[in-house]
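Colleague: My structure file protein38.pdb, PDB, C-alpha atoms, is below:
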ATOM      1  CA  MET Q   1       0.000   0.000   0.000  1.00  0.00           C
ATOM      2  CA  SER Q   2       1.337   3.424  -0.862  1.00  0.00           C
ATOM      3  CA  GLU Q   3       2.208   5.947   1.799  1.00  0.00           C
ATOM      4  CA  ILE Q   4      -0.627   8.186   0.602  1.00  0.00           C
ATOM      5  CA  THR Q   5      -3.380   5.668   1.364  1.00  0.00           C
ATOM      6  CA  GLN Q   6      -1.994   4.183   4.609  1.00  0.00           C
ATOM      7  CA  ASP Q   7      -3.866   6.546   6.894  1.00  0.00           C
ATOM      8  CA  MET Q   8      -7.101   6.786   4.873  1.00  0.00           C
ATOM      9  CA  SER Q   9      -9.452   3.883   5.395  1.00  0.00           C
ATOM     10  CA  PRO Q  10     -10.814   2.246   2.252  1.00  0.00           C
ATOM     11  CA  ALA Q  11     -14.192   2.562   4.006  1.00  0.00           C
ATOM     12  CA  VAL Q  12     -14.017   6.278   3.204  1.00  0.00           C
ATOM     13  CA  THR Q  13     -13.077   5.955  -0.443  1.00  0.00           C
ATOM     14  CA  PHE Q  14     -14.797   2.707  -1.427  1.00  0.00           C
ATOM     15  CA  GLY Q  15     -17.625   3.551   0.967  1.00  0.00           C
ATOM     16  CA  LEU Q  16     -18.826   5.924  -1.733  1.00  0.00           C
ATOM     17  CA  LEU Q  17     -19.348   3.006  -4.112  1.00  0.00           C
ATOM     18  CA  ALA Q  18     -20.993   0.861  -1.422  1.00  0.00           C
ATOM     19  CA  ALA Q  19     -23.369   3.618  -0.277  1.00  0.00           C
ATOM     20  CA  TRP Q  20     -24.190   4.468  -3.872  1.00  0.00           C
ATOM     21  CA  ALA Q  21     -24.946   0.798  -4.685  1.00  0.00           C
ATOM     22  CA  LEU Q  22     -27.360   0.466  -1.762  1.00  0.00           C
ATOM     23  CA  HIS Q  23     -29.068   3.739  -2.666  1.00  0.00           C
ATOM     24  CA  ASP Q  24     -29.371   2.940  -6.344  1.00  0.00           C
ATOM     25  CA  ALA Q  25     -30.768  -0.519  -5.571  1.00  0.00           C
ATOM     26  CA  GLU Q  26     -33.775   1.357  -4.148  1.00  0.00           C
ATOM     27  CA  GLU Q  27     -34.002   3.499  -7.264  1.00  0.00           C
ATOM     28  CA  VAL Q  28     -33.790   0.498  -9.627  1.00  0.00           C
ATOM     29  CA  ALA Q  29     -36.383  -1.420  -7.618  1.00  0.00           C
ATOM     30  CA  PHE Q  30     -38.948   1.390  -7.509  1.00  0.00           C
ATOM     31  CA  GLY Q  31     -38.011   4.183  -9.963  1.00  0.00           C
ATOM     32  CA  PRO Q  32     -39.592   3.437 -13.352  1.00  0.00           C
ATOM     33  CA  ARG Q  33     -42.720   1.822 -11.896  1.00  0.00           C
ATOM     34  CA  TRP Q  34     -43.218   4.725  -9.475  1.00  0.00           C
ATOM     35  CA  ILE Q  35     -42.857   7.228 -12.333  1.00  0.00           C
ATOM     36  CA  ARG Q  36     -45.424   5.371 -14.481  1.00  0.00           C
ATOM     37  CA  GLU Q  37     -47.904   5.145 -11.636  1.00  0.00           C
ATOM     38  CA  HIS Q  38     -47.542   8.771 -10.517  1.00  0.00           C
ATOM     39  CA  LEU Q  39     -47.059  10.589 -13.810  1.00  0.00           C
ATOM     40  CA  PRO Q  40     -50.697  11.738 -14.170  1.00  0.00           C
ATOM     41  CA  GLU Q  41     -50.802  13.280 -10.685  1.00  0.00           C
ATOM     42  CA  LEU Q  42     -47.332  14.822 -11.156  1.00  0.00           C
ATOM     43  CA  ARG Q  43     -48.435  16.405 -14.447  1.00  0.00           C
ATOM     44  CA  GLU Q  44     -51.473  17.859 -12.699  1.00  0.00           C
ATOM     45  CA  ARG Q  45     -49.661  19.088  -9.590  1.00  0.00           C
ATOM     46  CA  PHE Q  46     -46.712  20.554 -11.531  1.00  0.00           C
ATOM     47  CA  SER Q  47     -48.595  21.770 -14.604  1.00  0.00           C
ATOM     48  CA  GLY Q  48     -46.067  24.561 -15.201  1.00  0.00           C
ATOM     49  CA  ALA Q  49     -43.233  22.107 -15.844  1.00  0.00           C
ATOM     50  CA  PRO Q  50     -41.991  21.962 -19.435  1.00  0.00           C
ATOM     51  CA  GLU Q  51     -43.593  19.360 -21.695  1.00  0.00           C
ATOM     52  CA  ARG Q  52     -40.109  18.024 -22.501  1.00  0.00           C
ATOM     53  CA  LEU Q  53     -39.779  16.840 -18.875  1.00  0.00           C
ATOM     54  CA  TRP Q  54     -42.957  14.748 -19.150  1.00  0.00           C
ATOM     55  CA  THR Q  55     -41.872  13.351 -22.505  1.00  0.00           C
ATOM     56  CA  VAL Q  56     -38.543  12.236 -21.032  1.00  0.00           C
ATOM     57  CA  LEU Q  57     -40.187  10.706 -17.959  1.00  0.00           C
ATOM     58  CA  GLU Q  58     -42.760   8.848 -20.075  1.00  0.00           C
ATOM     59  CA  GLY Q  59     -39.940   7.337 -22.142  1.00  0.00           C
ATOM     60  CA  VAL Q  60     -37.948   5.805 -19.294  1.00  0.00           C
ATOM     61  CA  ASP Q  61     -38.493   2.072 -18.970  1.00  0.00           C
ATOM     62  CA  GLN Q  62     -37.015  -0.414 -16.491  1.00  0.00           C
ATOM     63  CA  ARG Q  63     -34.349  -1.686 -18.885  1.00  0.00           C
ATOM     64  CA  GLU Q  64     -33.079   1.770 -19.824  1.00  0.00           C
ATOM     65  CA  PHE Q  65     -33.124   2.891 -16.198  1.00  0.00           C
ATOM     66  CA  THR Q  66     -31.122  -0.146 -15.094  1.00  0.00           C
ATOM     67  CA  VAL Q  67     -28.530   0.403 -17.844  1.00  0.00           C
ATOM     68  CA  ALA Q  68     -28.282   4.073 -16.826  1.00  0.00           C
ATOM     69  CA  VAL Q  69     -27.599   3.019 -13.243  1.00  0.00           C
ATOM     70  CA  GLY Q  70     -24.843   0.733 -14.552  1.00  0.00           C
ATOM     71  CA  ALA Q  71     -23.299   3.676 -16.417  1.00  0.00           C
ATOM     72  CA  VAL Q  72     -23.285   5.746 -13.234  1.00  0.00           C
ATOM     73  CA  ALA Q  73     -21.675   2.787 -11.453  1.00  0.00           C
ATOM     74  CA  VAL Q  74     -18.660   3.190 -13.741  1.00  0.00           C
ATOM     75  CA  ILE Q  75     -18.356   6.876 -12.802  1.00  0.00           C
ATOM     76  CA  VAL Q  76     -18.769   6.224  -9.068  1.00  0.00           C
ATOM     77  CA  ALA Q  77     -16.296   3.314  -9.159  1.00  0.00           C
ATOM     78  CA  ALA Q  78     -13.766   5.545 -10.937  1.00  0.00           C
ATOM     79  CA  ALA Q  79     -14.237   8.290  -8.333  1.00  0.00           C
ATOM     80  CA  SER Q  80     -13.838   5.777  -5.497  1.00  0.00           C
ATOM     81  CA  ALA Q  81     -10.699   4.277  -7.023  1.00  0.00           C
ATOM     82  CA  ARG Q  82      -9.220   7.734  -7.643  1.00  0.00           C
ATOM     83  CA  GLY Q  83     -10.026   8.677  -4.057  1.00  0.00           C
ATOM     84  CA  HIS Q  84      -8.297   5.539  -2.804  1.00  0.00           C
ATOM     85  CA  ARG Q  85      -5.192   6.083  -4.946  1.00  0.00           C
ATOM     86  CA  THR Q  86      -4.853   9.666  -3.691  1.00  0.00           C
ATOM     87  CA  GLY Q  87      -5.677   8.968  -0.061  1.00  0.00           C
ATOM     88  CA  GLY Q  88      -8.890  10.938  -0.457  1.00  0.00           C
ATOM     89  CA  ARG Q  89      -7.180  14.041  -1.881  1.00  0.00           C
ATOM     90  CA  SER Q  90      -8.700  13.742  -5.367  1.00  0.00           C
ATOM     91  CA  ALA Q  91     -10.986  16.625  -6.358  1.00  0.00           C
ATOM     92  CA  PHE Q  92     -12.941  14.131  -8.482  1.00  0.00           C
ATOM     93  CA  PHE Q  93     -13.529  11.884  -5.474  1.00  0.00           C
ATOM     94  CA  GLN Q  94     -14.442  14.742  -3.149  1.00  0.00           C
ATOM     95  CA  GLY Q  95     -16.728  16.249  -5.796  1.00  0.00           C
ATOM     96  CA  ALA Q  96     -18.446  12.870  -6.149  1.00  0.00           C
ATOM     97  CA  VAL Q  97     -18.914  12.634  -2.359  1.00  0.00           C
ATOM     98  CA  ASP Q  98     -20.348  16.143  -2.275  1.00  0.00           C
ATOM     99  CA  GLY Q  99     -22.563  15.537  -5.311  1.00  0.00           C
ATOM    100  CA  PHE Q 100     -23.797  12.265  -3.839  1.00  0.00           C
ATOM    101  CA  GLY Q 101     -24.681  13.892  -0.514  1.00  0.00           C
ATOM    102  CA  LEU Q 102     -26.397  16.834  -2.203  1.00  0.00           C
ATOM    103  CA  HIS Q 103     -28.260  14.407  -4.456  1.00  0.00           C
ATOM    104  CA  GLY Q 104     -29.632  12.845  -1.264  1.00  0.00           C
ATOM    105  CA  LEU Q 105     -30.987  16.238  -0.240  1.00  0.00           C
ATOM    106  CA  VAL Q 106     -32.619  16.567  -3.672  1.00  0.00           C
ATOM    107  CA  HIS Q 107     -34.391  13.237  -3.078  1.00  0.00           C
ATOM    108  CA  LEU Q 108     -35.725  14.543   0.229  1.00  0.00           C
ATOM    109  CA  ALA Q 109     -36.889  17.761  -1.447  1.00  0.00           C
ATOM    110  CA  GLN Q 110     -38.681  15.674  -4.098  1.00  0.00           C
ATOM    111  CA  ALA Q 111     -40.469  13.688  -1.380  1.00  0.00           C
ATOM    112  CA  VAL Q 112     -41.538  16.940   0.290  1.00  0.00           C
ATOM    113  CA  ALA Q 113     -42.727  18.354  -3.053  1.00  0.00           C
ATOM    114  CA  VAL Q 114     -44.927  15.320  -3.777  1.00  0.00           C
ATOM    115  CA  ARG Q 115     -45.877  14.943  -0.103  1.00  0.00           C
ATOM    116  CA  GLY Q 116     -44.897  11.304   0.009  1.00  0.00           C
ATOM    117  CA  TYR Q 117     -42.496   8.621  -1.064  1.00  0.00           C
ATOM    118  CA  THR Q 118     -40.251   9.093  -4.080  1.00  0.00           C
ATOM    119  CA  PRO Q 119     -37.637   6.549  -5.200  1.00  0.00           C
ATOM    120  CA  GLY Q 120     -34.437   7.262  -3.292  1.00  0.00           C
ATOM    121  CA  SER Q 121     -36.116   9.049  -0.394  1.00  0.00           C
ATOM    122  CA  VAL Q 122     -35.718   6.129   2.028  1.00  0.00           C
ATOM    123  CA  THR Q 123     -31.997   5.527   1.561  1.00  0.00           C
ATOM    124  CA  SER Q 124     -31.126   9.230   1.339  1.00  0.00           C
ATOM    125  CA  PRO Q 125     -31.526   9.999   5.079  1.00  0.00           C
ATOM    126  CA  LEU Q 126     -30.372   6.516   6.131  1.00  0.00           C
ATOM    127  CA  ILE Q 127     -27.331   6.007   3.869  1.00  0.00           C
ATOM    128  CA  VAL Q 128     -26.558   8.798   1.379  1.00  0.00           C
ATOM    129  CA  ILE Q 129     -26.447  11.851   3.625  1.00  0.00           C
ATOM    130  CA  PRO Q 130     -24.870  10.089   6.645  1.00  0.00           C
ATOM    131  CA  TYR Q 131     -22.149   8.596   4.431  1.00  0.00           C
ATOM    132  CA  ALA Q 132     -21.352  11.982   2.839  1.00  0.00           C
ATOM    133  CA  VAL Q 133     -21.206  13.736   6.228  1.00  0.00           C
ATOM    134  CA  TRP Q 134     -19.075  10.937   7.709  1.00  0.00           C
ATOM    135  CA  ALA Q 135     -16.665  10.813   4.746  1.00  0.00           C
ATOM    136  CA  ARG Q 136     -16.242  14.599   4.767  1.00  0.00           C
ATOM    137  CA  GLY Q 137     -15.533  14.412   8.504  1.00  0.00           C
ATOM    138  CA  ARG Q 138     -12.883  11.731   8.003  1.00  0.00           C
ATOM    139  CA  LEU Q 139     -11.283  13.761   5.189  1.00  0.00           C
ATOM    140  CA  ARG Q 140     -11.367  16.901   7.365  1.00  0.00           C
ATOM    141  CA  ARG Q 141      -9.703  15.117  10.315  1.00  0.00           C
ATOM    142  CA  ALA Q 142      -7.004  13.805   7.957  1.00  0.00           C
ATOM    143  CA  GLY Q 143      -6.401  17.350   6.685  1.00  0.00           C
ATOM    144  CA  ARG Q 144      -7.444  16.419   3.151  1.00  0.00           C
ATOM    145  CA  LEU Q 145     -10.859  18.007   2.763  1.00  0.00           C
ATOM    146  CA  ARG Q 146     -10.934  20.739   0.161  1.00  0.00           C
ATOM    147  CA  PRO Q 147     -12.755  23.895   1.271  1.00  0.00           C
ATOM    148  CA  THR Q 148     -16.396  24.001   0.206  1.00  0.00           C
ATOM    149  CA  ASP Q 149     -18.233  27.163  -0.729  1.00  0.00           C
ATOM    150  CA  ALA Q 150     -21.288  28.007  -2.827  1.00  0.00           C
ATOM    151  CA  ARG Q 151     -19.281  27.293  -5.966  1.00  0.00           C
ATOM    152  CA  GLY Q 152     -18.378  23.857  -4.604  1.00  0.00           C
ATOM    153  CA  VAL Q 153     -22.032  23.115  -3.855  1.00  0.00           C
ATOM    154  CA  VAL Q 154     -23.022  24.101  -7.392  1.00  0.00           C
ATOM    155  CA  SER Q 155     -20.144  22.021  -8.787  1.00  0.00           C
ATOM    156  CA  GLY Q 156     -21.193  18.985  -6.738  1.00  0.00           C
ATOM    157  CA  LEU Q 157     -24.781  19.241  -7.933  1.00  0.00           C
ATOM    158  CA  ALA Q 158     -23.584  19.824 -11.495  1.00  0.00           C
ATOM    159  CA  LEU Q 159     -21.408  16.695 -11.317  1.00  0.00           C
ATOM    160  CA  ALA Q 160     -24.351  14.633 -10.068  1.00  0.00           C
ATOM    161  CA  GLY Q 161     -26.645  16.103 -12.727  1.00  0.00           C
ATOM    162  CA  ALA Q 162     -24.127  15.591 -15.512  1.00  0.00           C
ATOM    163  CA  ALA Q 163     -23.512  11.978 -14.468  1.00  0.00           C
ATOM    164  CA  THR Q 164     -27.268  11.353 -14.481  1.00  0.00           C
ATOM    165  CA  ALA Q 165     -27.799  12.982 -17.883  1.00  0.00           C
ATOM    166  CA  LEU Q 166     -24.809  11.202 -19.428  1.00  0.00           C
ATOM    167  CA  SER Q 167     -25.880   7.844 -18.035  1.00  0.00           C
ATOM    168  CA  HIS Q 168     -29.386   8.166 -19.467  1.00  0.00           C
ATOM    169  CA  PHE Q 169     -28.006   9.277 -22.830  1.00  0.00           C
ATOM    170  CA  VAL Q 170     -25.717   6.230 -22.940  1.00  0.00           C
ATOM    171  CA  ALA Q 171     -28.508   3.923 -21.747  1.00  0.00           C
ATOM    172  CA  ARG Q 172     -30.955   5.192 -24.348  1.00  0.00           C
ATOM    173  CA  ARG Q 173     -28.380   4.592 -27.088  1.00  0.00           C
ATOM    174  CA  LEU Q 174     -27.591   1.077 -25.870  1.00  0.00           C
ATOM    175  CA  VAL Q 175     -31.169  -0.015 -25.176  1.00  0.00           C
ATOM    176  CA  LYS Q 176     -32.842   1.449 -28.257  1.00  0.00           C
ATOM    177  CA  ARG Q 177     -30.483  -0.329 -30.697  1.00  0.00           C
TER     178      ARG Q 177
END
How does the structure come out when it is put into structure tokens?

Modeller:
Amino acid sequence: MSEITQDMSPAVTFGLLAAWALHDAEEVAFGPRWIREHLPELRERFSGAPERLWTVLEGVDQREFTVAVGAVAVIVAAASARGHRTGGRSAFFQGAVDGFGLHGLVHLAQAVAVRGYTPGSVTSPLIVIPYAVWARGRLRRAGRLRPTDARGVVSGLALAGAATALSHFVARRLVKR
């Protein structure tokens, strides 16, 4: 083991991949079906949303969603590995941790907006957010946590959003062949 990683537990770096896998298992199990079942009430409640959003949501099936989750797995695994190789110092790894934690908050906001369950809202307060807070604390204690400001928050959310968009683009291409 390199000197860089000796004092950073793999639970911190590969914990990202483990927490993500547990969280996304919930999304794969319930996501597409939940969307299909709730789309009419969502359209009614959020009638000001752009038509393009509804078109995209209507087009997501279980197979495409599962392939998209697999594509994100590649990104999260790469971030975890990079974090491990750098002893947690990697900006990519830390951005992924931040984006993952913020994504958990987005799930909670979605549940509040619909006044009920949304896929991902169970594991977000139980796994996603606690992992992100814990990992940031471990990085801080090791003196490796990069400072976070509003720009960092926006970057973390942008990374999560970009990974989601890219994964669905790739999945649509692979599934619709």

Colleague: Check which residues satisfy the PyMOL selection byres ((chain Q and resi 96-101) around 6) in the file shown, then give them as a ChimeraX atom specification.

Modeller: /Q:93-95,102-104,128-129,132,156-157,160

Colleague: With all atoms listed in the file as the atoms that count, which of Q:Ala158, Q:Ala91, Q:Ala25, Q:Val122 lies nearest to Q:Gln110?

Modeller: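 Ranked by minimum distance to Q:Gln110, first place goes to Q:Val122.
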
Colleague: Name the residues captured by the PyMOL selection byres ((chain Q and resi 22) around 12) when it is applied to the shown file; answer as a list of chain:residue names.

Modeller: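 With the PyMOL selection byres ((chain Q and resi 22) around 12) on this model, the match is Q:Gly15, Q:Leu16, Q:Leu17, Q:Ala18, Q:Ala19, Q:Trp20, Q:Ala21, Q:His23, Q:Asp24, Q:Ala25, Q:Glu26, Q:Glu27, Q:Val28, Q:Ala29, Q:Val69, Q:Ala73, Q:Gly120, Q:Val122, Q:Thr123, Q:Ser124, Q:Leu126, Q:Ile127, Q:Val128, Q:Tyr131.
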
Colleague: Just C-alpha atoms for this one: save the residues we selected as a PDB file, keeping the file's coordinate frame.

Modeller:
ATOM      1  CA  GLY Q  15     -17.625   3.551   0.967  1.00  0.00           C
ATOM      2  CA  LEU Q  16     -18.826   5.924  -1.733  1.00  0.00           C
ATOM      3  CA  LEU Q  17     -19.348   3.006  -4.112  1.00  0.00           C
ATOM      4  CA  ALA Q  18     -20.993   0.861  -1.422  1.00  0.00           C
ATOM      5  CA  ALA Q  19     -23.369   3.618  -0.277  1.00  0.00           C
ATOM      6  CA  TRP Q  20     -24.190   4.468  -3.872  1.00  0.00           C
ATOM      7  CA  ALA Q  21     -24.946   0.798  -4.685  1.00  0.00           C
ATOM      8  CA  HIS Q  23     -29.068   3.739  -2.666  1.00  0.00           C
ATOM      9  CA  ASP Q  24     -29.371   2.940  -6.344  1.00  0.00           C
ATOM     10  CA  ALA Q  25     -30.768  -0.519  -5.571  1.00  0.00           C
ATOM     11  CA  GLU Q  26     -33.775   1.357  -4.148  1.00  0.00           C
ATOM     12  CA  GLU Q  27     -34.002   3.499  -7.264  1.00  0.00           C
ATOM     13  CA  VAL Q  28     -33.790   0.498  -9.627  1.00  0.00           C
ATOM     14  CA  ALA Q  29     -36.383  -1.420  -7.618  1.00  0.00           C
ATOM     15  CA  VAL Q  69     -27.599   3.019 -13.243  1.00  0.00           C
ATOM     16  CA  ALA Q  73     -21.675   2.787 -11.453  1.00  0.00           C
ATOM     17  CA  GLY Q 120     -34.437   7.262  -3.292  1.00  0.00           C
ATOM     18  CA  VAL Q 122     -35.718   6.129   2.028  1.00  0.00           C
ATOM     19  CA  THR Q 123     -31.997   5.527   1.561  1.00  0.00           C
ATOM     20  CA  SER Q 124     -31.126   9.230   1.339  1.00  0.00           C
ATOM     21  CA  LEU Q 126     -30.372   6.516   6.131  1.00  0.00           C
ATOM     22  CA  ILE Q 127     -27.331   6.007   3.869  1.00  0.00           C
ATOM     23  CA  VAL Q 128     -26.558   8.798   1.379  1.00  0.00           C
ATOM     24  CA  TYR Q 131     -22.149   8.596   4.431  1.00  0.00           C
TER      25      TYR Q 131
END

Colleague: Name the residues in contact with Q:Val72 at a cut-off of 8 Å, using all atoms listed in the file, excluding same-chain residues fewer than 3 positions from it; report them as number ranges by chain.

Modeller: Q: 68-69, 75-76, 163-164, 167

Colleague: Just the selected residues (C-alpha atoms), exported as a PDB file, in the frame of the given file, please.

Modeller:
ATOM      1  CA  ALA Q  68     -28.282   4.073 -16.826  1.00  0.00           C
ATOM      2  CA  VAL Q  69     -27.599   3.019 -13.243  1.00  0.00           C
ATOM      3  CA  ILE Q  75     -18.356   6.876 -12.802  1.00  0.00           C
ATOM      4  CA  VAL Q  76     -18.769   6.224  -9.068  1.00  0.00           C
ATOM      5  CA  ALA Q 163     -23.512  11.978 -14.468  1.00  0.00           C
ATOM      6  CA  THR Q 164     -27.268  11.353 -14.481  1.00  0.00           C
ATOM      7  CA  SER Q 167     -25.880   7.844 -18.035  1.00  0.00           C
TER       8      SER Q 167
END

Colleague: Apply the PyMOL selection byres ((chain Q and resi 54) around 12) to the displayed file and report the matching residues as number ranges by chain.

Modeller: Q: 35-36, 38-44, 46-53, 55-60

Colleague: Give me, please, the distance in Å between atom CA of Q:Phe30 and atom CA of Q:Lys176, quoted to one decimal.

Modeller: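 Pair atom CA of Q:Phe30 / atom CA of Q:Lys176 returns 21.6 Å.
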
Colleague: So that I can check the surroundings of stretch 141-146 of chain Q, please list as an MDAnalysis selection string every protein, DNA and RNA residue that reaches within 6 Å of it, counting only C-alpha atoms and ignoring chain neighbours fewer than 2 positions away.

Modeller: chainID Q and resid 89 138:139

Colleague: Between Q:Pro32, Q:Ala111, Q:Pro125, Q:Ala78, which is the closest to Q:Thr66 once you count all atoms listed in the file?

Modeller: Q:Pro32

Colleague: Mind working out the centre and edge lengths of an axis-aligned box for stretch 103-113 of chain Q, all listed atoms inside, 5 Å added to each side, rounded to one decimal in Å and written as lines of an AutoDock Vina configuration file?

Modeller:
center_x = -35.5
center_y = 15.6
center_z = -2.1
size_x = 24.5
size_y = 15.5
size_z = 14.7

Colleague: How about completing stretch 108-120 of chain Q with N, CA, C and O atoms and giving it to me as a PDB file, in the frame of the given file?

Modeller:
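As written to disk, selection15.pdb reads:
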ATOM      1  N   LEU Q 108     -34.843  14.148  -0.871  1.00  0.00           N
ATOM      2  CA  LEU Q 108     -35.725  14.543   0.229  1.00  0.00           C
ATOM      3  C   LEU Q 108     -36.627  15.697  -0.190  1.00  0.00           C
ATOM      4  O   LEU Q 108     -37.817  15.718   0.148  1.00  0.00           O
ATOM      5  N   ALA Q 109     -36.083  16.638  -0.948  1.00  0.00           N
ATOM      6  CA  ALA Q 109     -36.889  17.761  -1.447  1.00  0.00           C
ATOM      7  C   ALA Q 109     -37.987  17.251  -2.383  1.00  0.00           C
ATOM      8  O   ALA Q 109     -39.122  17.758  -2.344  1.00  0.00           O
ATOM      9  N   GLN Q 110     -37.668  16.256  -3.209  1.00  0.00           N
ATOM     10  CA  GLN Q 110     -38.681  15.674  -4.098  1.00  0.00           C
ATOM     11  C   GLN Q 110     -39.809  15.044  -3.279  1.00  0.00           C
ATOM     12  O   GLN Q 110     -40.984  15.206  -3.608  1.00  0.00           O
ATOM     13  N   ALA Q 111     -39.451  14.320  -2.226  1.00  0.00           N
ATOM     14  CA  ALA Q 111     -40.469  13.688  -1.380  1.00  0.00           C
ATOM     15  C   ALA Q 111     -41.354  14.748  -0.719  1.00  0.00           C
ATOM     16  O   ALA Q 111     -42.577  14.572  -0.625  1.00  0.00           O
ATOM     17  N   VAL Q 112     -40.760  15.847  -0.292  1.00  0.00           N
ATOM     18  CA  VAL Q 112     -41.538  16.940   0.290  1.00  0.00           C
ATOM     19  C   VAL Q 112     -42.463  17.540  -0.772  1.00  0.00           C
ATOM     20  O   VAL Q 112     -43.644  17.794  -0.520  1.00  0.00           O
ATOM     21  N   ALA Q 113     -41.933  17.745  -1.971  1.00  0.00           N
ATOM     22  CA  ALA Q 113     -42.727  18.354  -3.053  1.00  0.00           C
ATOM     23  C   ALA Q 113     -43.934  17.508  -3.431  1.00  0.00           C
ATOM     24  O   ALA Q 113     -45.003  18.051  -3.724  1.00  0.00           O
ATOM     25  N   VAL Q 114     -43.796  16.187  -3.426  1.00  0.00           N
ATOM     26  CA  VAL Q 114     -44.927  15.320  -3.777  1.00  0.00           C
ATOM     27  C   VAL Q 114     -45.716  14.885  -2.545  1.00  0.00           C
ATOM     28  O   VAL Q 114     -46.706  14.180  -2.667  1.00  0.00           O
ATOM     29  N   ARG Q 115     -45.227  15.265  -1.379  1.00  0.00           N
ATOM     30  CA  ARG Q 115     -45.877  14.943  -0.103  1.00  0.00           C
ATOM     31  C   ARG Q 115     -45.995  13.444   0.115  1.00  0.00           C
ATOM     32  O   ARG Q 115     -47.038  12.931   0.510  1.00  0.00           O
ATOM     33  N   GLY Q 116     -44.897  12.751  -0.185  1.00  0.00           N
ATOM     34  CA  GLY Q 116     -44.897  11.304   0.009  1.00  0.00           C
ATOM     35  C   GLY Q 116     -43.617  10.681  -0.487  1.00  0.00           C
ATOM     36  O   GLY Q 116     -42.628  11.367  -0.745  1.00  0.00           O
ATOM     37  N   TYR Q 117     -43.665   9.381  -0.634  1.00  0.00           N
ATOM     38  CA  TYR Q 117     -42.496   8.621  -1.064  1.00  0.00           C
ATOM     39  C   TYR Q 117     -42.116   8.950  -2.504  1.00  0.00           C
ATOM     40  O   TYR Q 117     -42.972   9.088  -3.372  1.00  0.00           O
ATOM     41  N   THR Q 118     -40.823   9.062  -2.741  1.00  0.00           N
ATOM     42  CA  THR Q 118     -40.251   9.093  -4.080  1.00  0.00           C
ATOM     43  C   THR Q 118     -39.056   8.140  -4.059  1.00  0.00           C
ATOM     44  O   THR Q 118     -38.406   7.982  -3.016  1.00  0.00           O
ATOM     45  N   PRO Q 119     -38.765   7.479  -5.181  1.00  0.00           N
ATOM     46  CA  PRO Q 119     -37.637   6.549  -5.200  1.00  0.00           C
ATOM     47  C   PRO Q 119     -36.329   7.258  -4.794  1.00  0.00           C
ATOM     48  O   PRO Q 119     -35.984   8.297  -5.332  1.00  0.00           O
ATOM     49  N   GLY Q 120     -35.677   6.684  -3.812  1.00  0.00           N
ATOM     50  CA  GLY Q 120     -34.437   7.262  -3.292  1.00  0.00           C
ATOM     51  C   GLY Q 120     -34.631   8.001  -1.984  1.00  0.00           C
ATOM     52  O   GLY Q 120     -33.659   8.322  -1.298  1.00  0.00           O
TER      53      GLY Q 120
END
